[in-house]
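This report refers to the structure that appears directly beneath it.
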Amino acid sequence: MQTSAGCGGAILPTANPGSAVTATQSYTEQAASGIQTLQQWYLRSSGLYASPSGWWNAANSITVLANYERVSGDTSYYSAIANTFTAAQGAHANFVNNYYDDDGWWALAWIDAYDVTGNPAYLTMAETIFTAITGGWDSTCGGGVWWSTARTYKNAIPNELFLSIAAKLANRTSGSASASYLNWAQQEWTWFKSSGMINGQNLINDGLNSSNPNTCTNNGATTWSYNQGVILDGLVELYRADNDATLLPQAEAIANAAIAHLAQNGILTDPGSLSGGDAPQFKGVFLRNLMALYVADPDPRYQAFADANAKSIVASDQGPSCEFGAFWQGPFDSADATRQTSALDALIAAAVMQ
């Protein structure tokens, strides 16, 4: 088990979050302290995290716990993962609600939990969630999954998640099940790459203008960092499944474009104030998935980018009690589970890429 000085209790909230991490610690040690602070917002009764961290943010926090445990060998948080698996279904049975992207984050969380614990119930849950998401696919815009059951918007994130889940399941199952998941992943990627959402800069805009369902076009909306991230792991997993030689170069093009266009002085940024419970999560998702691309394609530019962002978080975006804010270049703004999880994604990515 990895330990470090500083932050407080691992699962139940504690009164005193602890002291700040330092640049002299390894990234894994910094992440250990940051995880302890994250868990102060953990609500054991619901398996979720205190407001403003919401339903989909909690899925990302579970993913961070699993990734931290994989990197560190620390099994302290298996009980929190198991508790969420049971308790959080009090909010939504089988982790399915009216938003297909929310469903997708939970499916990825349980795949990650399966990878680190080997508990087959987690993988089965991911399969159950994936089946629910397939109900959001139809022929509008030529294919693809809707954002929600209301079917008002076809956009990037639910489809990127769908690709990643399908490819991951193809790589973790066998026989006809694996073949079916692979078929879904290939069908999704064929549709996505021709949808128009990947623009001329190799960045992914938020979604499609579907006012005419037969001539859907890129809506030119914000190129959020997480939309440049999830696709990377989806392409890596699909490459593992079918060895399509075009997939890693496509992932590299998107990653390189994001680093070139979305970073300021080498530090990843998203536009706006990053208020509320959604946008502070986005940057960490990009670093998490850049990590996955690096494992498949160890480009030193990705290592340098992760290193720069992790160092900036510790040096410039740290509160007094092992907390991390929304602006990785600083200054520290405020603390909550969403901000903490996002920064932890960056620290874990830097640890893996060392």
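As shown in the structure tokens, the chain order sets the letters A, B, ...; within each chain, residues go from 1, and ligands are also counted from 1 in the order they appear.
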Exercise for the section: Excluding A:Arg288 and any residue of its chain fewer than 2 positions from it, enumerate the residues within 7 Å of it, using only C-alpha atoms, and give them as a PyMOL selection string. Expected result: chain A and resi 284-286+290-292+345-346+349
Practice task
In Å, rounded to a single decimal, give me how far atom CA of A:Ala306 is from atom CA of A:Asp270.
Solution key: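 These atoms are spaced 16.1 Å apart.
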Closest pair table for stretch 252-336 of chain A residues within 9 Å of stretch 31-43 of chain A, only C-alpha atoms, as a tab-separated table:
```
residue	atom	partner	partner_atom	distance
A:Ser321	CA	A:Thr37	CA	7.8
A:Cys322	CA	A:Gly34	CA	6.0
A:Glu323	CA	A:Thr37	CA	6.7
A:Phe324	CA	A:Gly34	CA	8.1
A:Asp336	CA	A:Trp41	CA	7.4
```
Handout entry: stretch 214-223 of chain A environment, 12 Å, only C-alpha atoms, sequence neighbours closer than 4 positions dropped, as a PyMOL selection string
Key = chain A and resi 139-144+153-157+192-210+227-229+254+257-258+261-262+269-272+279+282-283+286
Exercise for the section: Based on DSSP run over this structure's backbone, return all residues of stretch 90-306 of chain A in strand (DSSP E), as a VMD selection string. Expected result: chain A and resid 208 to 209 217 to 218 263 to 264 267 to 268
Put those residues in a file: N, CA and C atoms, as a compact mmCIF listing (two decimals), in the first residue's frame.
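That gives us selection.txt:
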```txt
# COMPACT_ATOMS: atom_id res chain seq x y z
N LEU A 208 -24.14 18.16 -33.37
CA LEU A 208 -24.69 18.33 -34.71
C LEU A 208 -25.94 19.20 -34.68
N ASN A 209 -26.10 19.96 -35.75
CA ASN A 209 -27.35 20.67 -36.00
C ASN A 209 -28.26 19.71 -36.75
N THR A 217 -25.34 18.73 -39.69
CA THR A 217 -24.03 19.35 -39.88
C THR A 217 -23.40 19.70 -38.53
N ASN A 218 -22.10 19.85 -38.52
CA ASN A 218 -21.36 20.30 -37.34
C ASN A 218 -21.96 21.63 -36.87
N ALA A 263 -4.47 24.54 -25.04
CA ALA A 263 -3.57 24.84 -23.93
C ALA A 263 -3.09 26.29 -24.01
N GLN A 264 -2.90 26.90 -22.87
CA GLN A 264 -2.31 28.22 -22.76
C GLN A 264 -1.03 28.10 -21.94
N ILE A 267 -0.61 24.69 -20.46
CA ILE A 267 -1.56 24.20 -19.46
C ILE A 267 -2.95 24.14 -20.08
N LEU A 268 -3.59 22.99 -19.97
CA LEU A 268 -4.89 22.77 -20.58
C LEU A 268 -5.94 23.71 -19.98
```
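Restricting the calculation to only C-alpha atoms, the smallest distance between A:Pro298 and any of A:Asn57, A:Glu252, A:Asp333, A:Asn83 is found for A:Glu252.
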Handout entry: Gap from atom CA of A:Thr63 to atom CA of A:Thr152 - Å, one decimal
Key =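 It comes out at 28.6 Å.
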Mind running stretch 216-321 of chain A against stretch 171-175 of chain A at 10 Å and telling me each contacting residue's nearest atom pair with the distance in Å (one decimal), counting only C-alpha atoms, chain and number ascending, as a Markdown table?
```
| residue | atom | partner | partner_atom | distance |
| --- | --- | --- | --- | --- |
| A:Glu237 | CA | A:Asn171 | CA | 7.5 |
| A:Leu238 | CA | A:Asn171 | CA | 8.5 |
| A:Arg240 | CA | A:Asn171 | CA | 7.5 |
| A:Ala241 | CA | A:Asn171 | CA | 6.1 |
| A:Asp242 | CA | A:Asn171 | CA | 9.8 |
```
